[in-house]
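Chemist: Dropping the structure in here first, questions after.
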There are 2 protein chains.
Amino acid sequence: MQGIITYENGSAFLEEAGPANTSVRYKLKEVLHTEQSPYQLIEVADSVDFGRMLILDGCVNVCERDEAVYHEMIAHLPVLIHPNPLRILVIGGGDGGTVRQLIRHRSIERIDVAEIDAAVIDASTRFFPDLACSFSDPRVNIYTEDGTEFVKRANAEAYSIVIVDSSDPTGPAEGLYSSEFYEHCQRILNPAGIVVAQAESPYVYPSILKLVHGLICDIFGSALPYRIAMPTYPSGQLYFMLGSKRRLVPPYFNDSRLEMFFCEQCENLRFLSADMLGGVFVIPVEVSDLLTR
Amino acid sequence: MQGIITYENGSAFLEEAGPANTSVRYKLKEVLHTEQSPYQLIEVADSVDFGRMLILDGCVNVCERDEAVYHEMIAHLPVLIHPNPLRILVIGGGDGGTVRQLIRHRSIERIDVAEIDAAVIDASTRFFPDLACSFSDPRVNIYTEDGTEFVKRANAEAYSIVIVDSSDPTGPAEGLYSSEFYEHCQRILNPAGIVVAQAESPYVYPSILKLVHGLICDIFGSALPYRIAMPTYPSGQLYFMLGSKRRLVPPYFNDSRLEMFFCEQCENLRFLSADMLGGVFVIPVEVSDLLTR
């Protein structure tokens with residue numbers, strides 16, 4: 001079938017960034033899979049420089065070369081901040097990358113994944129076995145269900161952490177960028193509960209970054225932005241937004257928990273270190289201005 | 001004349017990243033200037049999303065939207081670390097952006113700029129007056145001369161800081177990526193002297209990042225890498241490498257000097273804050289591994 005991947009001077013894939021005034025082109029070795037699910041166009045390709053890529057509706061969703069940056073930073077921060085993280089809900093995350101990081105934490109008892117598109121899980125199982133293998137951990141339960149519906153029917157205070165590992169705000173993830181969704185997140189989190197959400201880039205979707213910041217501020221009282229540098233996200237950077245039901249004050253991390261994690265469970269971490277957590281919530285002046293005006 | 005800027009679906013410019021397996025395309029409003037100097041192709045264009053761009057041999061060199069990230073981070077760090085920065089040498093920097101940041105520091109007595117290509121200075125004066133206006137500061141002296149030659153004839157211990165604000169390692173900046181150049185930097189720096197160099201991205205030119213790290217380590221005993229997130233540099237990130245004749249130990253910054261700078265001289269800083277300096281030398285695990293193996 002006809003996908004979005006185009007062939008120009010050999011095999012190449014062009015990702016149009018948000019407003020499409022900028023785009024990134026990757027040379028590809030081979031297109032491995034093209035499938036129209038009920039929710040989105042799913043493509044898998046091997047690129048020349050960035051390894052294997054999962055491409056959803058024309059946007060790189062997971063890429064072998066830099067997925068660890070995203071997944072380590074979305075998964076470990078809330079777990080290391082929450083005083084006693086036992087039950088985690090991942091909204092989206094059908095590739096398995098976030099769950100792979102979460103299962104490093106032996107203290108976590110249960111991880112529920114609400115992924116709307118079973119075809120993403122299938123594609124990841126077939127083409128990204130290193131990520132999807134984490135789904136076989138006995139603590140993991142997969143629900144192929146819209147995240148906005150899942151949070152409605154979940155019990156109050158059922159989770160320690162909700163991780164919104166969503167795709168861009170066009171397509172199936174659209175409903176995750178709403179007040180109603182965050183109100184349910186607040187309801188289903190326990191008293192020290194934490195939510196973390198993918199919040200886009202100030203260069204590509206400044207309005208979405210501001211929106212997610214505003215939603216979390218309104219419902220949780222404040223929001224802590226942090227950012228990663230990630231080549232395969234348009235503009236090369238991406239923000240996360242963290243909200244907490246318990247008021248957080250610096251230092252946000254507990255030294256003995258960090259020591260345990262980074263000594264015992266950090267094998268093969270590719271990006272995150274204890275040192276990096278020190279300044280993780282510091283953002284550029286311009287972005288801070290954007291979020292407060 | 002015929003430039004590198006191509007027209008596809010309207011006006012657009014395509015930057016091929018280092019190994020050319022990835023490229024970034026910008027939609028342009030207008031191409032303002034195209035000139036072949038003795039050293040390089042110089043183009044100036046207004047883009048749709050990133051403001052005005054100076055494009056040298058097909059690579060974005062300065063871009064209004066994100067130039068402050070680069071220039072604030074290459075200029076202020078060494079000035080805030082050196083105990084008494086009086087005389088600064090900028091190698092390259094013909095656009096004026098680095099000098100514009102340096103002149104904020106009233107304690108600096110003299111800034112010499114060794115820019116090989118007078119046509120870059122002319123183009124910046126015409127098209128980036130906000131940057132180039134800094135050249136009229138009475139402390140600034142411009143030498144249109146190859147930086148590798150300039151450092152050979154400079155006096156021993158003449159400078160507090162050398163800033164290697166160079167373009168990519170192909171083209172006129174090639175000689176700046178050599179032992180001989182860094183040996184002269186070491187010779188012309190005073191006993192507490194500091195060198196900072198643009199060192200590319202681990203995703204685009206890992207070998208150049210390693211090379212600059214190795215050159216500075218060999219000659220200065222150690223090298224401190226730091227990184228910025230910058231959309232118009234391929235892969236969205238760029239490293240700097242800092243070497244010092246005086247052994248540096250954390251904390252690298254003096255609180256009272258930071259306070260003076262960020263209280264009195266930081267008007268219109270767009271990126272850097274005192275908080276950001278706390279974790280500035282923390283780099284990802286993978287990059288740390290790349291540099292030490």
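Order determines the names: the first chain of the structure tokens is A, the second B, and so forth; residues in each chain are numbered 1 upward, and ligands are numbered 1 upward as they are shown.
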How would chain B read as an mmCIF file with C-alpha atoms, in the first residue's frame once least-squares superposed on chain A using all paired C-alpha atoms?

Modeler:
```cif
data_model
loop_
_atom_site.group_PDB
_atom_site.id
_atom_site.type_symbol
_atom_site.label_atom_id
_atom_site.label_comp_id
_atom_site.auth_asym_id
_atom_site.auth_seq_id
_atom_site.Cartn_x
_atom_site.Cartn_y
_atom_site.Cartn_z
ATOM 1 C CA MET B 1 0.001 -0.011 0.019
ATOM 2 C CA GLN B 2 0.982 3.630 -0.406
ATOM 3 C CA GLY B 3 2.574 5.154 2.708
ATOM 4 C CA ILE B 4 3.874 8.612 3.489
ATOM 5 C CA ILE B 5 7.477 7.518 3.009
ATOM 6 C CA THR B 6 8.681 9.039 -0.222
ATOM 7 C CA TYR B 7 11.486 8.038 -2.498
ATOM 8 C CA GLU B 8 13.747 10.865 -3.594
ATOM 9 C CA ASN B 9 17.350 10.302 -4.683
ATOM 10 C CA GLY B 10 17.102 6.782 -3.386
ATOM 11 C CA SER B 11 14.960 5.970 -0.402
ATOM 12 C CA ALA B 12 14.215 8.830 1.964
ATOM 13 C CA PHE B 13 11.597 9.835 4.468
ATOM 14 C CA LEU B 14 10.594 13.454 4.989
ATOM 15 C CA GLU B 15 8.988 14.504 8.260
ATOM 16 C CA GLU B 16 7.063 17.754 8.056
ATOM 17 C CA ALA B 17 7.338 19.538 11.413
ATOM 18 C CA GLY B 18 4.185 20.938 13.022
ATOM 19 C CA PRO B 19 3.507 24.062 11.045
ATOM 20 C CA ALA B 20 5.358 22.443 8.122
ATOM 21 C CA ASN B 21 7.692 25.399 7.523
ATOM 22 C CA THR B 22 10.573 23.146 8.468
ATOM 23 C CA SER B 23 11.092 19.497 7.739
ATOM 24 C CA VAL B 24 13.701 16.843 8.358
ATOM 25 C CA ARG B 25 14.699 14.263 5.772
ATOM 26 C CA TYR B 26 16.241 10.901 6.633
ATOM 27 C CA LYS B 27 17.905 8.617 4.132
ATOM 28 C CA LEU B 28 16.482 5.134 4.510
ATOM 29 C CA LYS B 29 17.933 1.730 3.794
ATOM 30 C CA GLU B 30 14.651 -0.143 3.613
ATOM 31 C CA VAL B 31 10.943 0.258 4.314
ATOM 32 C CA LEU B 32 9.905 -2.816 6.315
ATOM 33 C CA HIS B 33 6.222 -2.326 7.016
ATOM 34 C CA THR B 34 3.288 -0.142 5.957
ATOM 35 C CA GLU B 35 -0.144 -0.529 7.524
ATOM 36 C CA GLN B 36 -3.237 1.629 7.886
ATOM 37 C CA SER B 37 -4.723 0.852 11.317
ATOM 38 C CA PRO B 38 -8.169 2.168 12.339
ATOM 39 C CA TYR B 39 -6.311 5.051 14.016
ATOM 40 C CA GLN B 40 -3.241 5.934 12.010
ATOM 41 C CA LEU B 41 -0.772 5.078 9.275
ATOM 42 C CA ILE B 42 1.957 2.875 10.745
ATOM 43 C CA GLU B 43 5.289 2.587 8.924
ATOM 44 C CA VAL B 44 8.556 0.941 9.952
ATOM 45 C CA ALA B 45 11.831 1.637 8.149
ATOM 46 C CA ASP B 46 15.563 1.207 8.636
ATOM 47 C CA SER B 47 17.354 4.547 8.259
ATOM 48 C CA VAL B 48 20.993 5.021 7.320
ATOM 49 C CA ASP B 49 22.077 7.057 10.375
ATOM 50 C CA PHE B 50 19.396 6.665 13.037
ATOM 51 C CA GLY B 51 18.638 2.940 13.046
ATOM 52 C CA ARG B 52 15.123 1.552 12.844
ATOM 53 C CA MET B 53 12.183 3.976 12.973
ATOM 54 C CA LEU B 54 8.502 3.603 13.827
ATOM 55 C CA ILE B 55 6.663 6.313 11.906
ATOM 56 C CA LEU B 56 3.060 7.164 12.828
ATOM 57 C CA ASP B 57 1.083 9.363 10.417
ATOM 58 C CA GLY B 58 4.350 10.645 8.985
ATOM 59 C CA CYS B 59 6.028 11.519 12.328
ATOM 60 C CA VAL B 60 8.979 9.609 13.793
ATOM 61 C CA ASN B 61 7.551 8.071 16.963
ATOM 62 C CA VAL B 62 10.387 5.788 18.011
ATOM 63 C CA CYS B 63 13.889 5.671 16.610
ATOM 64 C CA GLU B 64 16.554 3.233 17.796
ATOM 65 C CA ARG B 65 19.325 5.811 17.853
ATOM 66 C CA ASP B 66 17.707 8.232 20.280
ATOM 67 C CA GLU B 67 14.681 6.503 21.859
ATOM 68 C CA ALA B 68 16.563 6.018 25.140
ATOM 69 C CA VAL B 69 16.774 9.781 25.704
ATOM 70 C CA TYR B 70 12.998 10.094 25.552
ATOM 71 C CA HIS B 71 12.109 6.919 27.436
ATOM 72 C CA GLU B 72 14.649 7.295 30.246
ATOM 73 C CA MET B 73 13.586 10.872 30.866
ATOM 74 C CA ILE B 74 9.818 10.323 30.778
ATOM 75 C CA ALA B 75 9.941 7.164 32.941
ATOM 76 C CA HIS B 76 12.569 7.586 35.647
ATOM 77 C CA LEU B 77 11.963 11.169 36.754
ATOM 78 C CA PRO B 78 8.484 10.647 38.247
ATOM 79 C CA VAL B 79 9.491 7.293 39.767
ATOM 80 C CA LEU B 80 12.502 8.885 41.473
ATOM 81 C CA ILE B 81 10.424 11.829 42.766
ATOM 82 C CA HIS B 82 7.360 9.933 44.062
ATOM 83 C CA PRO B 83 7.975 8.790 47.686
ATOM 84 C CA ASN B 84 6.562 5.299 47.165
ATOM 85 C CA PRO B 85 5.717 4.497 43.524
ATOM 86 C CA LEU B 86 3.786 1.226 43.384
ATOM 87 C CA ARG B 87 1.271 1.431 40.531
ATOM 88 C CA ILE B 88 1.917 3.221 37.271
ATOM 89 C CA LEU B 89 -0.437 4.008 34.395
ATOM 90 C CA VAL B 90 1.082 4.643 30.971
ATOM 91 C CA ILE B 91 -1.226 6.354 28.468
ATOM 92 C CA GLY B 92 -0.056 5.482 24.961
ATOM 93 C CA GLY B 93 3.376 3.894 25.043
ATOM 94 C CA GLY B 94 2.409 0.995 22.769
ATOM 95 C CA ASP B 95 5.985 0.661 21.553
ATOM 96 C CA GLY B 96 7.113 -0.577 24.988
ATOM 97 C CA GLY B 97 10.013 1.835 25.445
ATOM 98 C CA THR B 98 8.608 3.559 28.537
ATOM 99 C CA VAL B 99 7.615 0.249 30.133
ATOM 100 C CA ARG B 100 11.097 -1.126 29.481
ATOM 101 C CA GLN B 101 12.507 1.669 31.637
ATOM 102 C CA LEU B 102 9.835 1.329 34.348
ATOM 103 C CA ILE B 103 10.433 -2.381 34.938
ATOM 104 C CA ARG B 104 14.009 -1.590 36.055
ATOM 105 C CA HIS B 105 12.429 -0.349 39.311
ATOM 106 C CA ARG B 106 11.885 -3.493 41.354
ATOM 107 C CA SER B 107 9.697 -1.645 43.860
ATOM 108 C CA ILE B 108 6.977 -1.041 41.240
ATOM 109 C CA GLU B 109 4.154 -3.566 41.687
ATOM 110 C CA ARG B 110 1.947 -2.950 38.684
ATOM 111 C CA ILE B 111 2.151 -1.133 35.340
ATOM 112 C CA ASP B 112 -1.038 -0.619 33.312
ATOM 113 C CA VAL B 113 -0.691 0.472 29.692
ATOM 114 C CA ALA B 114 -3.686 2.074 27.933
ATOM 115 C CA GLU B 115 -2.744 2.080 24.238
ATOM 116 C CA ILE B 116 -5.521 2.905 21.796
ATOM 117 C CA ASP B 117 -3.981 1.111 18.828
ATOM 118 C CA ALA B 118 -3.288 -2.638 19.059
ATOM 119 C CA ALA B 119 -1.508 -2.413 15.709
ATOM 120 C CA VAL B 120 1.250 -0.278 17.308
ATOM 121 C CA ILE B 121 1.847 -2.984 19.908
ATOM 122 C CA ASP B 122 1.930 -5.630 17.163
ATOM 123 C CA ALA B 123 4.337 -3.633 15.006
ATOM 124 C CA SER B 124 6.627 -3.020 17.974
ATOM 125 C CA THR B 125 6.538 -6.699 18.969
ATOM 126 C CA ARG B 126 7.597 -7.614 15.447
ATOM 127 C CA PHE B 127 10.093 -4.844 14.637
ATOM 128 C CA PHE B 128 11.298 -3.507 18.029
ATOM 129 C CA PRO B 129 11.560 -6.657 20.149
ATOM 130 C CA ASP B 130 14.052 -4.996 22.526
ATOM 131 C CA LEU B 131 11.351 -2.500 23.490
ATOM 132 C CA ALA B 132 8.236 -4.664 23.286
ATOM 133 C CA CYS B 133 9.740 -7.564 25.251
ATOM 134 C CA SER B 134 9.097 -5.486 28.376
ATOM 135 C CA PHE B 135 5.355 -6.201 27.935
ATOM 136 C CA SER B 136 5.973 -9.793 29.028
ATOM 137 C CA ASP B 137 7.007 -8.659 32.527
ATOM 138 C CA PRO B 138 4.384 -10.154 34.872
ATOM 139 C CA ARG B 139 3.681 -6.747 36.434
ATOM 140 C CA VAL B 140 2.524 -5.294 33.082
ATOM 141 C CA ASN B 141 -1.120 -5.265 31.922
ATOM 142 C CA ILE B 142 -2.031 -3.992 28.490
ATOM 143 C CA TYR B 143 -5.426 -2.427 27.740
ATOM 144 C CA THR B 144 -6.059 -1.609 24.090
ATOM 145 C CA GLU B 145 -8.303 1.290 24.910
ATOM 146 C CA ASP B 146 -8.510 5.046 24.422
ATOM 147 C CA GLY B 147 -6.588 6.664 27.317
ATOM 148 C CA THR B 148 -9.328 9.277 27.807
ATOM 149 C CA GLU B 149 -11.859 6.462 28.387
ATOM 150 C CA PHE B 150 -9.482 4.437 30.554
ATOM 151 C CA VAL B 151 -8.968 7.290 33.040
ATOM 152 C CA LYS B 152 -12.766 7.811 33.294
ATOM 153 C CA ARG B 153 -13.415 4.283 34.496
ATOM 154 C CA ALA B 154 -10.280 3.904 36.680
ATOM 155 C CA ASN B 155 -10.749 4.001 40.455
ATOM 156 C CA ALA B 156 -9.944 7.064 42.542
ATOM 157 C CA GLU B 157 -6.388 7.102 43.928
ATOM 158 C CA ALA B 158 -5.549 3.898 42.040
ATOM 159 C CA TYR B 159 -2.147 5.054 40.744
ATOM 160 C CA SER B 160 1.087 6.555 42.050
ATOM 161 C CA ILE B 161 2.039 7.941 38.644
ATOM 162 C CA VAL B 162 0.353 8.613 35.295
ATOM 163 C CA ILE B 163 2.728 8.918 32.325
ATOM 164 C CA VAL B 164 1.203 10.529 29.238
ATOM 165 C CA ASP B 165 3.443 9.010 26.575
ATOM 166 C CA SER B 166 1.390 10.351 23.729
ATOM 167 C CA SER B 167 1.999 11.152 20.106
ATOM 168 C CA ASP B 168 1.500 14.634 18.669
ATOM 169 C CA PRO B 169 -1.770 16.490 19.303
ATOM 170 C CA THR B 170 -3.193 15.737 15.875
ATOM 171 C CA GLY B 171 -4.568 12.227 15.368
ATOM 172 C CA PRO B 172 -5.560 9.695 18.023
ATOM 173 C CA ALA B 173 -3.892 11.557 20.936
ATOM 174 C CA GLU B 174 -6.015 14.703 20.504
ATOM 175 C CA GLY B 175 -8.299 14.063 23.526
ATOM 176 C CA LEU B 176 -5.297 13.842 25.844
ATOM 177 C CA TYR B 177 -4.750 17.598 25.524
ATOM 178 C CA SER B 178 -7.885 18.528 27.545
ATOM 179 C CA SER B 179 -8.949 19.640 31.049
ATOM 180 C CA GLU B 180 -11.281 16.698 31.393
ATOM 181 C CA PHE B 181 -8.422 14.244 30.874
ATOM 182 C CA TYR B 182 -6.202 15.930 33.494
ATOM 183 C CA GLU B 183 -9.089 16.144 35.985
ATOM 184 C CA HIS B 184 -9.407 12.376 35.771
ATOM 185 C CA CYS B 185 -5.636 11.976 36.138
ATOM 186 C CA GLN B 186 -5.846 14.014 39.326
ATOM 187 C CA ARG B 187 -8.734 11.883 40.608
ATOM 188 C CA ILE B 188 -7.059 8.511 39.947
ATOM 189 C CA LEU B 189 -3.699 9.543 41.492
ATOM 190 C CA ASN B 190 -2.932 8.814 45.152
ATOM 191 C CA PRO B 191 -2.148 11.733 47.515
ATOM 192 C CA ALA B 192 1.520 11.973 46.475
ATOM 193 C CA GLY B 193 0.619 11.194 42.856
ATOM 194 C CA ILE B 194 2.534 12.548 39.879
ATOM 195 C CA VAL B 195 1.583 13.090 36.257
ATOM 196 C CA VAL B 196 4.168 13.544 33.501
ATOM 197 C CA ALA B 197 3.231 14.422 29.935
ATOM 198 C CA GLN B 198 5.014 14.852 26.640
ATOM 199 C CA ALA B 199 4.609 18.564 25.909
ATOM 200 C CA GLU B 200 6.181 19.207 22.477
ATOM 201 C CA SER B 201 8.787 21.852 21.550
ATOM 202 C CA PRO B 202 8.706 25.624 21.962
ATOM 203 C CA TYR B 203 10.018 25.934 18.400
ATOM 204 C CA VAL B 204 7.410 23.672 16.765
ATOM 205 C CA TYR B 205 4.258 23.785 18.915
ATOM 206 C CA PRO B 206 4.709 26.658 21.435
ATOM 207 C CA SER B 207 0.932 26.759 21.866
ATOM 208 C CA ILE B 208 0.815 23.079 22.877
ATOM 209 C CA LEU B 209 3.674 23.523 25.339
ATOM 210 C CA LYS B 210 1.747 26.433 26.880
ATOM 211 C CA LEU B 211 -1.503 24.448 26.807
ATOM 212 C CA VAL B 212 -0.078 21.420 28.657
ATOM 213 C CA HIS B 213 1.636 23.739 31.157
ATOM 214 C CA GLY B 214 -1.657 25.572 31.709
ATOM 215 C CA LEU B 215 -3.721 22.371 32.081
ATOM 216 C CA ILE B 216 -1.358 20.900 34.677
ATOM 217 C CA CYS B 217 -1.010 24.234 36.553
ATOM 218 C CA ASP B 218 -4.807 24.643 36.708
ATOM 219 C CA ILE B 219 -5.417 21.175 38.091
ATOM 220 C CA PHE B 220 -2.244 20.434 40.092
ATOM 221 C CA GLY B 221 -1.403 23.982 41.230
ATOM 222 C CA SER B 222 1.941 24.112 39.436
ATOM 223 C CA ALA B 223 3.890 22.393 36.662
ATOM 224 C CA LEU B 224 7.596 21.634 36.359
ATOM 225 C CA PRO B 225 8.847 21.650 32.769
ATOM 226 C CA TYR B 226 11.962 19.757 31.752
ATOM 227 C CA ARG B 227 13.523 19.194 28.371
ATOM 228 C CA ILE B 228 15.494 16.741 26.336
ATOM 229 C CA ALA B 229 17.671 17.121 23.232
ATOM 230 C CA MET B 230 16.546 14.542 20.703
ATOM 231 C CA PRO B 231 17.580 14.682 17.049
ATOM 232 C CA THR B 232 14.564 12.875 15.592
ATOM 233 C CA TYR B 233 12.024 15.173 17.172
ATOM 234 C CA PRO B 234 11.511 18.262 14.969
ATOM 235 C CA SER B 235 13.672 21.169 16.236
ATOM 236 C CA GLY B 236 15.837 18.601 18.077
ATOM 237 C CA GLN B 237 14.240 19.193 21.458
ATOM 238 C CA LEU B 238 11.171 18.187 23.381
ATOM 239 C CA TYR B 239 9.677 19.207 26.720
ATOM 240 C CA PHE B 240 7.983 17.158 29.404
ATOM 241 C CA MET B 241 5.637 18.645 31.998
ATOM 242 C CA LEU B 242 5.406 17.237 35.512
ATOM 243 C CA GLY B 243 2.573 17.879 37.974
ATOM 244 C CA SER B 244 2.266 16.577 41.533
ATOM 245 C CA LYS B 245 -0.616 16.370 44.020
ATOM 246 C CA ARG B 246 1.922 16.786 46.835
ATOM 247 C CA ARG B 247 3.648 20.183 46.759
ATOM 248 C CA LEU B 248 7.200 19.645 45.487
ATOM 249 C CA VAL B 249 10.107 21.707 46.760
ATOM 250 C CA PRO B 250 13.779 21.398 45.811
ATOM 251 C CA PRO B 251 15.728 19.216 46.140
ATOM 252 C CA TYR B 252 13.186 17.107 44.320
ATOM 253 C CA PHE B 253 15.153 13.888 44.611
ATOM 254 C CA ASN B 254 16.031 11.754 47.614
ATOM 255 C CA ASP B 255 19.769 11.008 47.723
ATOM 256 C CA SER B 256 19.495 7.461 49.041
ATOM 257 C CA ARG B 257 16.922 6.497 46.402
ATOM 258 C CA LEU B 258 19.092 8.008 43.668
ATOM 259 C CA GLU B 259 22.088 6.121 44.976
ATOM 260 C CA MET B 260 20.177 2.852 44.977
ATOM 261 C CA PHE B 261 18.865 3.389 41.472
ATOM 262 C CA PHE B 262 22.080 4.574 39.875
ATOM 263 C CA CYS B 263 24.198 1.945 41.624
ATOM 264 C CA GLU B 264 21.983 -1.085 41.270
ATOM 265 C CA GLN B 265 19.468 -0.613 38.485
ATOM 266 C CA CYS B 266 21.069 1.699 35.981
ATOM 267 C CA GLU B 267 22.853 -0.834 33.814
ATOM 268 C CA ASN B 268 22.759 0.302 30.207
ATOM 269 C CA LEU B 269 21.224 3.682 30.911
ATOM 270 C CA ARG B 270 22.252 5.640 27.836
ATOM 271 C CA PHE B 271 21.319 9.177 28.808
ATOM 272 C CA LEU B 272 20.344 9.814 32.416
ATOM 273 C CA SER B 273 22.774 10.125 35.326
ATOM 274 C CA ALA B 274 22.377 11.270 38.925
ATOM 275 C CA ASP B 275 24.334 14.421 38.053
ATOM 276 C CA MET B 276 21.875 15.267 35.317
ATOM 277 C CA LEU B 277 18.955 15.283 37.745
ATOM 278 C CA GLY B 278 20.522 18.218 39.613
ATOM 279 C CA GLY B 279 19.614 20.774 36.994
ATOM 280 C CA VAL B 280 16.833 18.969 35.207
ATOM 281 C CA PHE B 281 14.115 21.548 35.850
ATOM 282 C CA VAL B 282 16.162 24.533 34.677
ATOM 283 C CA ILE B 283 14.819 25.827 31.369
ATOM 284 C CA PRO B 284 15.956 28.645 29.081
ATOM 285 C CA VAL B 285 14.900 32.209 29.903
ATOM 286 C CA GLU B 286 12.822 32.518 26.726
ATOM 287 C CA VAL B 287 10.843 29.350 27.435
ATOM 288 C CA SER B 288 10.295 30.370 31.032
ATOM 289 C CA ASP B 289 8.964 33.700 29.750
ATOM 290 C CA LEU B 290 6.691 31.935 27.250
ATOM 291 C CA LEU B 291 5.173 29.807 30.026
ATOM 292 C CA THR B 292 4.609 32.623 32.512
ATOM 293 C CA ARG B 293 3.205 35.346 30.302
#
```

Chemist: Apply DSSP to the backbone of this structure and, from segment 69-283 of chain B, keep only the residues in strand (DSSP E or B); write these as a PyMOL selection string.

Modeler: chain B and resi 87-92+110-114+140-143+159-165+189-198+224-229+237-244

Chemist: Let's see if you can do this: from backbone DSSP, list all helix (DSSP H, G or I) residues in segment 102-229 of chain B, as number ranges by chain.

Modeler: B: 102, 118-127, 129-136, 147-153, 174-176, 179-188, 206-220
